$ cat my_file23.json   # JSON, C-alpha atoms and all ligand atoms
[["chain", "number", "residue", "atom", "x", "y", "z"],
["A", 1, "MET", "CA", 124.35, -31.11, 150.42],
["A", 2, "SER", "CA", 124.15, -31.35, 146.65],
["A", 3, "GLU", "CA", 125.26, -29.43, 143.61],
["A", 4, "THR", "CA", 121.92, -27.59, 143.51],
["A", 5, "SER", "CA", 120.77, -24.88, 145.90],
["A", 6, "PRO", "CA", 118.80, -25.96, 149.00],
["A", 7, "GLN", "CA", 115.60, -24.55, 147.50],
["A", 8, "THR", "CA", 115.77, -26.79, 144.46],
["A", 9, "THR", "CA", 117.19, -29.90, 146.11],
["A", 10, "PRO", "CA", 114.79, -32.78, 145.63],
["A", 11, "TYR", "CA", 113.80, -35.60, 147.98],
["A", 12, "GLY", "CA", 112.17, -33.59, 150.72],
["A", 13, "THR", "CA", 115.07, -31.44, 151.94],
["A", 14, "LEU", "CA", 113.92, -29.02, 154.65],
["A", 15, "PRO", "CA", 113.73, -25.41, 153.52],
["A", 16, "PRO", "CA", 116.53, -23.34, 155.04],
["A", 17, "ALA", "CA", 115.58, -21.94, 158.44],
["A", 18, "SER", "CA", 118.10, -19.11, 158.10],
["A", 19, "PRO", "CA", 119.02, -18.35, 154.50],
["A", 20, "LEU", "CA", 122.64, -17.30, 154.24],
["A", 21, "ALA", "CA", 124.87, -16.20, 151.42],
["A", 22, "PRO", "CA", 125.14, -19.26, 149.21],
["A", 23, "ARG", "CA", 128.51, -20.86, 148.77],
["A", 24, "LYS", "CA", 129.32, -23.78, 146.55],
["A", 25, "PRO", "CA", 129.11, -27.13, 148.35],
["A", 26, "VAL", "CA", 132.49, -28.43, 149.38],
["A", 27, "SER", "CA", 133.21, -31.58, 147.40],
["A", 28, "LEU", "CA", 136.16, -33.90, 146.91],
["A", 29, "PRO", "CA", 137.22, -32.18, 143.65],
["A", 30, "ARG", "CA", 136.99, -28.78, 145.39],
["A", 31, "LEU", "CA", 139.10, -30.00, 148.28],
["A", 32, "HIS", "CA", 141.66, -31.37, 145.83],
["A", 33, "ASP", "CA", 141.64, -28.06, 143.99],
["A", 34, "MET", "CA", 142.19, -26.15, 147.25],
["A", 35, "ARG", "CA", 145.09, -28.43, 148.10],
["A", 36, "THR", "CA", 146.62, -27.92, 144.65],
["A", 37, "ARG", "CA", 146.21, -24.12, 144.77],
["A", 38, "GLY", "CA", 147.60, -23.96, 148.29],
["A", 39, "GLU", "CA", 144.39, -22.67, 149.85],
["A", 40, "LYS", "CA", 144.34, -24.03, 153.40],
["A", 41, "ILE", "CA", 141.47, -26.40, 154.24],
["A", 42, "THR", "CA", 139.63, -25.69, 157.49],
["A", 43, "MET", "CA", 138.08, -28.43, 159.61],
["A", 44, "LEU", "CA", 136.40, -28.47, 163.02],
["A", 45, "THR", "CA", 134.77, -31.28, 164.89],
["A", 46, "ALA", "CA", 130.99, -31.14, 165.32],
["A", 47, "TYR", "CA", 128.65, -33.42, 167.17],
["A", 48, "ASP", "CA", 125.21, -31.80, 167.00],
["A", 49, "ALA", "CA", 122.87, -29.95, 164.66],
["A", 50, "THR", "CA", 123.22, -26.43, 166.02],
["A", 51, "PHE", "CA", 127.01, -26.23, 166.21],
["A", 52, "ALA", "CA", 127.22, -27.84, 162.78],
["A", 53, "ALA", "CA", 124.91, -25.18, 161.32],
["A", 54, "VAL", "CA", 126.87, -22.38, 162.99],
["A", 55, "ALA", "CA", 130.17, -23.78, 161.70],
["A", 56, "ASP", "CA", 128.71, -23.99, 158.22],
["A", 57, "ALA", "CA", 127.57, -20.37, 158.48],
["A", 58, "ALA", "CA", 131.07, -19.39, 159.64],
["A", 59, "GLY", "CA", 132.54, -20.83, 156.44],
["A", 60, "VAL", "CA", 134.27, -23.93, 157.83],
["A", 61, "ASP", "CA", 135.13, -26.22, 154.90],
["A", 62, "CYS", "CA", 134.87, -29.61, 156.62],
["A", 63, "LEU", "CA", 133.18, -30.94, 159.73],
["A", 64, "LEU", "CA", 134.50, -34.02, 161.44],
["A", 65, "VAL", "CA", 132.03, -35.99, 163.51],
["A", 66, "GLY", "CA", 134.94, -37.19, 165.59],
["A", 67, "ASP", "CA", 134.89, -40.01, 168.07],
["A", 68, "SER", "CA", 136.33, -37.37, 170.42],
["A", 69, "LEU", "CA", 132.61, -37.03, 171.16],
["A", 70, "GLY", "CA", 133.25, -39.85, 173.61],
["A", 71, "MET", "CA", 135.19, -37.41, 175.75],
["A", 72, "VAL", "CA", 133.43, -34.17, 174.79],
["A", 73, "CYS", "CA", 129.80, -35.34, 174.88],
["A", 74, "GLN", "CA", 129.79, -38.59, 176.80],
["A", 75, "GLY", "CA", 132.37, -37.94, 179.51],
["A", 76, "LEU", "CA", 134.46, -40.98, 178.67],
["A", 77, "SER", "CA", 138.17, -41.00, 179.46],
["A", 78, "SER", "CA", 139.15, -41.98, 175.89],
["A", 79, "THR", "CA", 137.58, -42.60, 172.48],
["A", 80, "VAL", "CA", 137.77, -46.38, 172.90],
["A", 81, "GLY", "CA", 134.27, -46.73, 174.35],
["A", 82, "VAL", "CA", 132.46, -45.00, 171.47],
["A", 83, "THR", "CA", 130.12, -47.27, 169.50],
["A", 84, "LEU", "CA", 129.05, -47.26, 165.87],
["A", 85, "ASP", "CA", 125.46, -46.56, 166.89],
["A", 86, "THR", "CA", 126.59, -43.44, 168.79],
["A", 87, "MET", "CA", 128.56, -42.28, 165.75],
["A", 88, "ARG", "CA", 125.49, -42.83, 163.56],
["A", 89, "TYR", "CA", 123.31, -40.77, 165.94],
["A", 90, "HIS", "CA", 125.71, -37.80, 166.00],
["A", 91, "THR", "CA", 126.36, -37.95, 162.26],
["A", 92, "GLU", "CA", 122.62, -37.79, 161.59],
["A", 93, "SER", "CA", 122.32, -34.83, 163.98],
["A", 94, "VAL", "CA", 125.15, -32.91, 162.29],
["A", 95, "VAL", "CA", 123.77, -33.57, 158.82],
["A", 96, "ARG", "CA", 120.25, -32.44, 159.84],
["A", 97, "GLY", "CA", 121.75, -29.23, 161.22],
["A", 98, "LEU", "CA", 123.52, -28.55, 157.96],
["A", 99, "GLN", "CA", 120.31, -29.10, 156.04],
["A", 100, "ARG", "CA", 118.72, -26.30, 158.10],
["A", 101, "VAL", "CA", 121.19, -23.81, 156.63],
["A", 102, "GLN", "CA", 123.30, -23.98, 153.52],
["A", 103, "GLY", "CA", 124.43, -27.56, 153.88],
["A", 104, "THR", "CA", 127.67, -26.85, 152.03],
["A", 105, "THR", "CA", 130.20, -28.34, 154.41],
["A", 106, "TRP", "CA", 132.02, -31.61, 153.71],
["A", 107, "VAL", "CA", 131.12, -34.10, 156.46],
["A", 108, "ILE", "CA", 133.54, -36.75, 157.68],
["A", 109, "ALA", "CA", 132.52, -39.34, 160.28],
["A", 110, "ASP", "CA", 134.90, -41.38, 162.40],
["A", 111, "LEU", "CA", 134.76, -45.16, 162.25],
["A", 112, "PRO", "CA", 134.95, -45.96, 165.97],
["A", 113, "PHE", "CA", 137.19, -48.45, 167.74],
["A", 114, "GLY", "CA", 136.36, -52.05, 166.80],
["A", 115, "SER", "CA", 134.17, -51.14, 163.83],
["A", 116, "TYR", "CA", 136.81, -51.78, 161.12],
["A", 117, "HIS", "CA", 139.53, -53.86, 162.75],
["A", 118, "GLU", "CA", 138.19, -57.39, 162.24],
["A", 119, "SER", "CA", 137.87, -57.44, 158.46],
["A", 120, "ARG", "CA", 137.46, -55.27, 155.38],
["A", 121, "GLU", "CA", 133.87, -56.53, 155.13],
["A", 122, "LEU", "CA", 133.09, -55.31, 158.64],
["A", 123, "ALA", "CA", 134.70, -51.97, 157.77],
["A", 124, "LEU", "CA", 132.42, -51.72, 154.71],
["A", 125, "ARG", "CA", 129.31, -52.48, 156.78],
["A", 126, "SER", "CA", 130.32, -49.91, 159.41],
["A", 127, "ALA", "CA", 131.22, -47.28, 156.82],
["A", 128, "SER", "CA", 127.86, -47.87, 155.11],
["A", 129, "VAL", "CA", 126.06, -47.04, 158.36],
["A", 130, "LEU", "CA", 127.85, -43.68, 158.57],
["A", 131, "MET", "CA", 127.44, -42.89, 154.86],
["A", 132, "GLN", "CA", 123.72, -43.65, 155.12],
["A", 133, "ALA", "CA", 123.61, -41.32, 158.14],
["A", 134, "GLY", "CA", 124.74, -38.57, 155.74],
["A", 135, "ALA", "CA", 128.53, -38.54, 155.95],
["A", 136, "HIS", "CA", 130.48, -37.83, 152.75],
["A", 137, "MET", "CA", 133.63, -39.56, 153.94],
["A", 138, "VAL", "CA", 134.74, -41.86, 156.74],
["A", 139, "LYS", "CA", 137.93, -41.62, 158.78],
["A", 140, "LEU", "CA", 139.89, -44.48, 160.24],
["A", 141, "GLU", "CA", 143.07, -44.57, 162.29],
["A", 142, "GLY", "CA", 146.43, -46.19, 161.70],
["A", 143, "GLY", "CA", 148.69, -47.35, 158.89],
["A", 144, "GLY", "CA", 150.02, -50.69, 157.66],
["A", 145, "TRP", "CA", 147.16, -53.13, 158.14],
["A", 146, "THR", "CA", 144.58, -50.41, 157.42],
["A", 147, "THR", "CA", 145.92, -49.84, 153.90],
["A", 148, "GLU", "CA", 143.99, -52.71, 152.32],
["A", 149, "THR", "CA", 140.86, -51.67, 154.21],
["A", 150, "VAL", "CA", 141.18, -48.16, 152.76],
["A", 151, "ARG", "CA", 141.59, -49.61, 149.26],
["A", 152, "PHE", "CA", 138.54, -51.87, 149.76],
["A", 153, "LEU", "CA", 136.35, -48.93, 150.82],
["A", 154, "VAL", "CA", 137.61, -46.53, 148.15],
["A", 155, "GLU", "CA", 137.07, -49.14, 145.41],
["A", 156, "ARG", "CA", 133.46, -49.35, 146.60],
["A", 157, "GLY", "CA", 132.91, -45.61, 146.31],
["A", 158, "ILE", "CA", 133.47, -44.54, 149.91],
["A", 159, "PRO", "CA", 135.86, -41.60, 150.29],
["A", 160, "VAL", "CA", 138.35, -42.22, 153.10],
["A", 161, "CYS", "CA", 140.35, -39.97, 155.37],
["A", 162, "ALA", "CA", 143.25, -41.73, 157.11],
["A", 163, "HIS", "CA", 144.77, -40.70, 160.44],
["A", 164, "LEU", "CA", 148.42, -41.15, 161.47],
["A", 165, "GLY", "CA", 150.65, -39.93, 164.26],
["A", 166, "LEU", "CA", 148.88, -39.82, 167.59],
["A", 167, "THR", "CA", 145.94, -42.13, 166.98],
["A", 168, "PRO", "CA", 143.65, -41.79, 170.03],
["A", 169, "GLN", "CA", 141.98, -45.19, 169.62],
["A", 170, "THR", "CA", 145.37, -46.79, 170.33],
["A", 171, "VAL", "CA", 146.31, -44.45, 173.16],
["A", 172, "HIS", "CA", 146.83, -47.36, 175.55],
["A", 173, "ALA", "CA", 149.26, -49.04, 173.16],
["A", 174, "LEU", "CA", 151.06, -45.74, 172.52],
["A", 175, "GLY", "CA", 151.44, -45.09, 176.24],
["A", 176, "GLY", "CA", 149.67, -41.73, 176.30],
["A", 177, "TYR", "CA", 148.99, -38.62, 174.25],
["A", 178, "ARG", "CA", 152.51, -37.92, 173.04],
["A", 179, "VAL", "CA", 154.26, -36.75, 169.88],
["A", 180, "GLN", "CA", 154.73, -39.47, 167.24],
["A", 181, "GLY", "CA", 157.16, -39.83, 164.33],
["A", 182, "ARG", "CA", 160.22, -38.51, 166.14],
["A", 183, "GLY", "CA", 163.59, -39.92, 165.12],
["A", 184, "ASP", "CA", 164.69, -41.50, 161.84],
["A", 185, "ALA", "CA", 163.04, -44.91, 162.20],
["A", 186, "ALA", "CA", 159.67, -43.60, 163.41],
["A", 187, "SER", "CA", 159.51, -40.82, 160.82],
["A", 188, "GLU", "CA", 160.42, -43.20, 157.99],
["A", 189, "ARG", "CA", 157.73, -45.65, 159.13],
["A", 190, "LEU", "CA", 155.14, -42.89, 159.22],
["A", 191, "ARG", "CA", 156.22, -41.70, 155.77],
["A", 192, "THR", "CA", 155.97, -45.23, 154.32],
["A", 193, "GLU", "CA", 152.51, -45.69, 155.84],
["A", 194, "ALA", "CA", 151.32, -42.31, 154.53],
["A", 195, "LEU", "CA", 152.47, -43.03, 150.96],
["A", 196, "ALA", "CA", 150.80, -46.46, 151.05],
["A", 197, "LEU", "CA", 147.54, -44.92, 152.27],
["A", 198, "GLN", "CA", 147.64, -42.41, 149.42],
["A", 199, "ASP", "CA", 148.26, -45.22, 146.93],
["A", 200, "ALA", "CA", 145.28, -47.07, 148.42],
["A", 201, "GLY", "CA", 143.12, -44.05, 147.62],
["A", 202, "ALA", "CA", 142.89, -42.08, 150.87],
["A", 203, "ALA", "CA", 141.97, -38.55, 149.80],
["A", 204, "MET", "CA", 142.77, -36.97, 153.16],
["A", 205, "LEU", "CA", 145.17, -37.72, 155.98],
["A", 206, "VAL", "CA", 144.94, -36.33, 159.49],
["A", 207, "LEU", "CA", 148.40, -35.94, 161.02],
["A", 208, "GLU", "CA", 148.12, -35.58, 164.79],
["A", 209, "MET", "CA", 151.02, -34.57, 167.05],
["A", 210, "VAL", "CA", 153.69, -35.06, 164.42],
["A", 211, "PRO", "CA", 156.85, -32.90, 164.16],
["A", 212, "ALA", "CA", 156.26, -29.90, 161.89],
["A", 213, "THR", "CA", 159.18, -30.69, 159.58],
["A", 214, "LEU", "CA", 157.91, -34.23, 158.98],
["A", 215, "SER", "CA", 154.33, -33.17, 158.24],
["A", 216, "ALA", "CA", 155.55, -30.42, 155.88],
["A", 217, "GLN", "CA", 157.67, -32.98, 154.03],
["A", 218, "LEU", "CA", 154.73, -35.41, 153.80],
["A", 219, "THR", "CA", 152.44, -32.64, 152.57],
["A", 220, "HIS", "CA", 154.92, -31.95, 149.77],
["A", 221, "GLU", "CA", 155.15, -35.63, 148.83],
["A", 222, "LEU", "CA", 151.45, -36.49, 149.03],
["A", 223, "THR", "CA", 150.14, -34.79, 145.92],
["A", 224, "ARG", "CA", 146.86, -36.77, 145.79],
["A", 225, "CYS", "CA", 146.03, -36.70, 149.48],
["A", 226, "ALA", "CA", 145.40, -33.55, 151.53],
["A", 227, "THR", "CA", 147.15, -33.55, 154.90],
["A", 228, "ILE", "CA", 145.15, -32.05, 157.75],
["A", 229, "GLY", "CA", 147.20, -31.20, 160.81],
["A", 230, "ILE", "CA", 146.41, -31.08, 164.49],
["A", 231, "GLY", "CA", 149.54, -30.34, 166.41],
["A", 232, "ALA", "CA", 151.51, -30.95, 163.19],
["A", 233, "GLY", "CA", 152.64, -27.43, 162.32],
["A", 234, "LYS", "CA", 151.61, -25.00, 159.63],
["A", 235, "GLY", "CA", 153.00, -26.92, 156.66],
["A", 236, "THR", "CA", 149.95, -29.17, 156.18],
["A", 237, "ALA", "CA", 147.24, -28.64, 153.55],
["A", 238, "GLY", "CA", 144.68, -27.89, 156.26],
["A", 239, "GLN", "CA", 144.05, -27.72, 159.99],
["A", 240, "VAL", "CA", 141.58, -29.37, 162.33],
["A", 241, "LEU", "CA", 140.74, -28.62, 165.95],
["A", 242, "VAL", "CA", 138.26, -30.11, 168.37],
["A", 243, "MET", "CA", 135.49, -27.50, 168.54],
["A", 244, "HIS", "CA", 135.27, -27.40, 172.31],
["A", 245, "ASP", "CA", 139.02, -26.86, 172.61],
["A", 246, "MET", "CA", 139.05, -23.90, 170.21],
["A", 247, "LEU", "CA", 136.03, -22.38, 171.96],
["A", 248, "GLY", "CA", 137.81, -22.61, 175.30],
["A", 249, "ILE", "CA", 135.27, -25.09, 176.71],
["A", 250, "ASN", "CA", 137.87, -27.18, 178.42],
["A", 251, "LEU", "CA", 138.17, -27.36, 182.19],
["A", 252, "GLY", "CA", 141.52, -29.09, 181.92],
["A", 253, "LYS", "CA", 144.70, -27.74, 180.37],
["A", 254, "ASN", "CA", 144.40, -27.27, 176.61],
["A", 255, "PRO", "CA", 147.06, -29.09, 174.58],
["A", 256, "LYS", "CA", 149.87, -26.88, 173.30],
["A", 257, "PHE", "CA", 148.56, -27.00, 169.71],
["A", 258, "VAL", "CA", 145.22, -25.33, 170.57],
["A", 259, "ARG", "CA", 144.39, -21.63, 170.33],
["A", 260, "ASN", "CA", 141.29, -20.34, 172.12],
["A", 261, "PHE", "CA", 139.48, -18.52, 169.29],
["A", 262, "MET", "CA", 136.75, -17.20, 171.60],
["A", 263, "THR", "CA", 139.25, -14.68, 172.97],
["A", 264, "GLY", "CA", 138.19, -11.26, 171.71],
["A", 265, "GLN", "CA", 135.05, -12.59, 169.96],
["A", 266, "ASP", "CA", 131.43, -12.04, 170.99],
["A", 267, "SER", "CA", 129.89, -15.15, 169.45],
["A", 268, "VAL", "CA", 130.67, -18.75, 168.63],
["A", 269, "ARG", "CA", 130.14, -18.01, 164.95],
["A", 270, "ALA", "CA", 132.68, -15.15, 165.12],
["A", 271, "ALA", "CA", 135.18, -17.44, 166.88],
["A", 272, "MET", "CA", 134.78, -20.06, 164.17],
["A", 273, "ALA", "CA", 135.11, -17.42, 161.46],
["A", 274, "ALA", "CA", 138.32, -16.23, 163.19],
["A", 275, "PHE", "CA", 139.62, -19.81, 163.06],
["A", 276, "VAL", "CA", 138.81, -20.00, 159.34],
["A", 277, "ALA", "CA", 140.52, -16.65, 158.68],
["A", 278, "ALA", "CA", 143.62, -17.54, 160.73],
["A", 279, "VAL", "CA", 144.08, -20.90, 159.01],
["A", 280, "LYS", "CA", 143.49, -19.44, 155.54],
["A", 281, "ASP", "CA", 145.96, -16.56, 156.08],
["A", 282, "GLY", "CA", 148.55, -18.83, 157.67],
["A", 283, "SER", "CA", 148.61, -17.13, 161.08],
["A", 284, "PHE", "CA", 147.37, -20.31, 162.79],
["A", 285, "PRO", "CA", 149.10, -22.46, 163.76],
["A", 286, "ASP", "CA", 152.25, -20.64, 164.80],
["A", 287, "ASP", "CA", 155.03, -23.22, 164.77],
["A", 288, "SER", "CA", 156.86, -21.46, 167.60],
["A", 289, "LEU", "CA", 153.81, -21.97, 169.86],
["A", 290, "HIS", "CA", 151.65, -24.81, 168.55],
["A", 291, "ALA", "CA", 154.06, -27.36, 167.07],
["A", 292, "TRP", "CA", 156.98, -29.64, 167.80],
["B", 301, "LIG", "O1", 137.99, -37.64, 166.99],
["B", 301, "LIG", "C1", 138.48, -36.55, 166.67],
["B", 301, "LIG", "O2", 137.98, -35.47, 167.03],
["B", 301, "LIG", "C2", 139.68, -36.55, 165.84],
["B", 301, "LIG", "C3", 140.44, -35.27, 165.73],
["B", 301, "LIG", "C4", 141.24, -35.04, 166.96],
["B", 301, "LIG", "C5", 141.26, -35.22, 164.50],
["B", 301, "LIG", "O3", 140.05, -37.56, 165.32]]

$ encode --input "my_file23.json" --output "structure tokens"
Amino acid sequence: MSETSPQTTPYGTLPPASPLAPRKPVSLPRLHDMRTRGEKITMLTAYDATFAAVADAAGVDCLLVGDSLGMVCQGLSSTVGVTLDTMRYHTESVVRGLQRVQGTTWVIADLPFGSYHESRELALRSASVLMQAGAHMVKLEGGGWTTETVRFLVERGIPVCAHLGLTPQTVHALGGYRVQGRGDAASERLRTEALALQDAGAAMLVLEMVPATLSAQLTHELTRCATIGIGAGKGTAGQVLVMHDMLGINLGKNPKFVRNFMTGQDSVRAAMAAFVAAVKDGSFPDDSLHAW
């Protein structure tokens, strides 16, 4: 979790339980460099120590402690019921897991519903809880009113990932899990919001369920902010999937943008490595199957 190897990291870091081939820690400058060079950024969600450590060992660049844990871990029907304290607990778990291995993955934690809406000051207090739990970056949903919140956090040294398109915390207002940014007016609004978020300092932007042509155009325009797609086509700077979806642990019907990477693999680590390889070589997602 630092520029030095785990063995020489100070402040009481646990020795690695399973030493693996060292790789350089993923940092903001490295992510920016990947985006500039056109190397695709890989991201999976993680909620606990073991899966985080396995994902790190599989070479995943970024782990998102997503508030999707409300559905995946807590059995809620949406992310709206997830609390800041729950996010802190899972972020700490993920970070401890990473410390048991290489600890090289970039960790992003979701600010949950209600933890940043009231004021920029509340957003700073909530973000501080997640940063002190070990996150490197926080993610928040929406554009427009969030722009000044992003600026406020970034100015205070907190890296921010924004999230546009299908924003699950507002699923009730959006009327369901459906594609966003379709049509001239909606796509122009999304584009305006994305550019404003970049100007406010957002270093990453998750684009969820957005038409592939729009996300490719945004990726081209946003030179200081790496777009990470989920159901947004192959033209983004990186890809994210919910871990349980890509491992086929879903009793319902997987969304169209998911591929089950367990197929043909004999371990979770191999499935995650297959995800990394497919994103890096551009074979996932396939716009004819996984995009709109
Ligand atoms: O909470 C989450 O897992 C997310 C991803 C779907 C991007 O926000």

$ residues_near_ligand --input "my_file23.json" --ligand "ligand LIG 301 (chain B)" --cutoff "6 Å" --atoms "only C-alpha atoms and all ligand atoms" --output "ChimeraX atom specification"
/A:45,66-68,242

$ residues_around --input "my_file23.json" --residues "A:Arg224" --least-positions-apart "5" --cutoff "9 Å" --atoms "only C-alpha atoms" --output "ChimeraX atom specification"
/A:32,35-36,198-199,201-204

$ atom_distance --input "my_file23.json" --atom1 "atom CA of A:Thr223" --atom2 "atom CA of A:Val160"
15.7 Å

$ atom_distance --input "my_file23.json" --atom1 "atom CA of A:Phe152" --atom2 "atom CA of A:Val138"
12.8 Å

$ residues_around --input "my_file23.json" --residues "stretch 110-120 of chain A" --least-positions-apart "5" --cutoff "8 Å" --atoms "only C-alpha atoms" --output "mmCIF file with C-alpha atoms, keeping the file's coordinate frame"
data_model
loop_
_atom_site.group_PDB
_atom_site.id
_atom_site.type_symbol
_atom_site.label_atom_id
_atom_site.label_comp_id
_atom_site.auth_asym_id
_atom_site.auth_seq_id
_atom_site.Cartn_x
_atom_site.Cartn_y
_atom_site.Cartn_z
ATOM 1 C CA LEU A 64 134.500 -34.020 161.440
ATOM 2 C CA VAL A 65 132.030 -35.990 163.510
ATOM 3 C CA GLY A 66 134.940 -37.190 165.590
ATOM 4 C CA ASP A 67 134.890 -40.010 168.070
ATOM 5 C CA THR A 79 137.580 -42.600 172.480
ATOM 6 C CA VAL A 80 137.770 -46.380 172.900
ATOM 7 C CA GLY A 81 134.270 -46.730 174.350
ATOM 8 C CA VAL A 82 132.460 -45.000 171.470
ATOM 9 C CA THR A 83 130.120 -47.270 169.500
ATOM 10 C CA LEU A 84 129.050 -47.260 165.870
ATOM 11 C CA MET A 87 128.560 -42.280 165.750
ATOM 12 C CA SER A 126 130.320 -49.910 159.410
ATOM 13 C CA ALA A 127 131.220 -47.280 156.820
ATOM 14 C CA LEU A 130 127.850 -43.680 158.570
ATOM 15 C CA VAL A 138 134.740 -41.860 156.740
ATOM 16 C CA LYS A 139 137.930 -41.620 158.780
ATOM 17 C CA LEU A 140 139.890 -44.480 160.240
ATOM 18 C CA GLU A 148 143.990 -52.710 152.320
ATOM 19 C CA THR A 149 140.860 -51.670 154.210
ATOM 20 C CA PHE A 152 138.540 -51.870 149.760
ATOM 21 C CA LEU A 153 136.350 -48.930 150.820
ATOM 22 C CA GLN A 169 141.980 -45.190 169.620
#

$ closest_residue --input "my_file23.json" --among "A:Ala46, A:Leu251, A:Met246, A:Ala273" --to "A:Gly97" --atoms "only C-alpha atoms"
A:Ala46

$ closest_residue --input "my_file23.json" --among "A:Ile230, A:Val129, A:Ala237, A:Leu31" --to "A:Pro255" --atoms "only C-alpha atoms"
A:Ile230

$ residues_near_point --input "my_file23.json" --point "(152.8, -35.7, 159.2)" --cutoff "10 Å" --atoms "all atoms listed in the file" --output "JSON, numbers by chain"
{"A": [163, 164, 165, 180, 181, 187, 190, 191, 194, 205, 206, 207, 208, 209, 210, 211, 212, 213, 214, 215, 216, 217, 218, 219, 227, 228, 229, 230, 231, 232, 233, 235, 236]}

$ write_last_selection --input "my_file23.json" --atoms "C-alpha atoms" --output "PDB file, in the frame of the given file"
ATOM      1  CA  HIS A 163     144.770 -40.700 160.440  1.00  0.00           C
ATOM      2  CA  LEU A 164     148.420 -41.150 161.470  1.00  0.00           C
ATOM      3  CA  GLY A 165     150.650 -39.930 164.260  1.00  0.00           C
ATOM      4  CA  GLN A 180     154.730 -39.470 167.240  1.00  0.00           C
ATOM      5  CA  GLY A 181     157.160 -39.830 164.330  1.00  0.00           C
ATOM      6  CA  SER A 187     159.510 -40.820 160.820  1.00  0.00           C
ATOM      7  CA  LEU A 190     155.140 -42.890 159.220  1.00  0.00           C
ATOM      8  CA  ARG A 191     156.220 -41.700 155.770  1.00  0.00           C
ATOM      9  CA  ALA A 194     151.320 -42.310 154.530  1.00  0.00           C
ATOM     10  CA  LEU A 205     145.170 -37.720 155.980  1.00  0.00           C
ATOM     11  CA  VAL A 206     144.940 -36.330 159.490  1.00  0.00           C
ATOM     12  CA  LEU A 207     148.400 -35.940 161.020  1.00  0.00           C
ATOM     13  CA  GLU A 208     148.120 -35.580 164.790  1.00  0.00           C
ATOM     14  CA  MET A 209     151.020 -34.570 167.050  1.00  0.00           C
ATOM     15  CA  VAL A 210     153.690 -35.060 164.420  1.00  0.00           C
ATOM     16  CA  PRO A 211     156.850 -32.900 164.160  1.00  0.00           C
ATOM     17  CA  ALA A 212     156.260 -29.900 161.890  1.00  0.00           C
ATOM     18  CA  THR A 213     159.180 -30.690 159.580  1.00  0.00           C
ATOM     19  CA  LEU A 214     157.910 -34.230 158.980  1.00  0.00           C
ATOM     20  CA  SER A 215     154.330 -33.170 158.240  1.00  0.00           C
ATOM     21  CA  ALA A 216     155.550 -30.420 155.880  1.00  0.00           C
ATOM     22  CA  GLN A 217     157.670 -32.980 154.030  1.00  0.00           C
ATOM     23  CA  LEU A 218     154.730 -35.410 153.800  1.00  0.00           C
ATOM     24  CA  THR A 219     152.440 -32.640 152.570  1.00  0.00           C
ATOM     25  CA  THR A 227     147.150 -33.550 154.900  1.00  0.00           C
ATOM     26  CA  ILE A 228     145.150 -32.050 157.750  1.00  0.00           C
ATOM     27  CA  GLY A 229     147.200 -31.200 160.810  1.00  0.00           C
ATOM     28  CA  ILE A 230     146.410 -31.080 164.490  1.00  0.00           C
ATOM     29  CA  GLY A 231     149.540 -30.340 166.410  1.00  0.00           C
ATOM     30  CA  ALA A 232     151.510 -30.950 163.190  1.00  0.00           C
ATOM     31  CA  GLY A 233     152.640 -27.430 162.320  1.00  0.00           C
ATOM     32  CA  GLY A 235     153.000 -26.920 156.660  1.00  0.00           C
ATOM     33  CA  THR A 236     149.950 -29.170 156.180  1.00  0.00           C
TER      34      THR A 236
END

$ closest_residue --input "my_file23.json" --among "A:Val150, A:Cys73, A:Met131, A:Met43" --to "A:Ala55" --atoms "all atoms listed in the file"
A:Met43

$ closest_residue --input "my_file23.json" --among "A:Leu289, A:Val26, A:Ala57, A:Met243" --to "A:Leu69" --atoms "only C-alpha atoms"
A:Met243

$ closest_residue --input "my_file23.json" --among "A:Asp85, A:Asp56, A:Glu221, A:Asp286" --to "A:Leu98" --atoms "all atoms listed in the file"
A:Asp56

$ atom_distance --input "my_file23.json" --atom1 "atom CA of A:Ala49" --atom2 "atom CA of A:Leu241"
18.0 Å

$ closest_residue --input "my_file23.json" --among "A:Ser267, A:Val154, A:Ser77, A:Ala291" --to "A:Phe51" --atoms "all atoms listed in the file"
A:Ser267

$ residues_around --input "my_file23.json" --residues "A:Trp106" --least-positions-apart "6" --cutoff "7 Å" --atoms "all atoms listed in the file" --output "VMD selection string"
chain A and resid 26 to 27 61 to 63 136

$ residues_around --input "my_file23.json" --residues "A:Phe261" --least-positions-apart "6" --cutoff "10 Å" --atoms "only C-alpha atoms" --output "ChimeraX atom specification"
/A:243,245-248,268,270-275,278

$ decode --input "my_file23.json" --residues "stretch 34-39 of chain A" --atoms "N, CA and C atoms" --output "compact mmCIF listing (two decimals), in the first residue's frame"
# COMPACT_ATOMS: atom_id res chain seq x y z
N MET A 34 -1.58 4.94 -17.52
CA MET A 34 -2.26 3.85 -18.25
C MET A 34 -3.29 4.44 -19.20
N ARG A 35 -4.05 5.41 -18.69
CA ARG A 35 -5.09 6.03 -19.51
C ARG A 35 -4.46 6.71 -20.73
N THR A 36 -3.33 7.39 -20.51
CA THR A 36 -2.68 8.12 -21.59
C THR A 36 -2.10 7.16 -22.64
N ARG A 37 -1.54 6.03 -22.14
CA ARG A 37 -0.93 5.05 -23.06
C ARG A 37 -1.97 4.16 -23.73
N GLY A 38 -3.20 4.22 -23.22
CA GLY A 38 -4.25 3.37 -23.81
C GLY A 38 -4.28 1.98 -23.23
N GLU A 39 -3.55 1.77 -22.10
CA GLU A 39 -3.67 0.46 -21.43
C GLU A 39 -4.96 0.46 -20.61
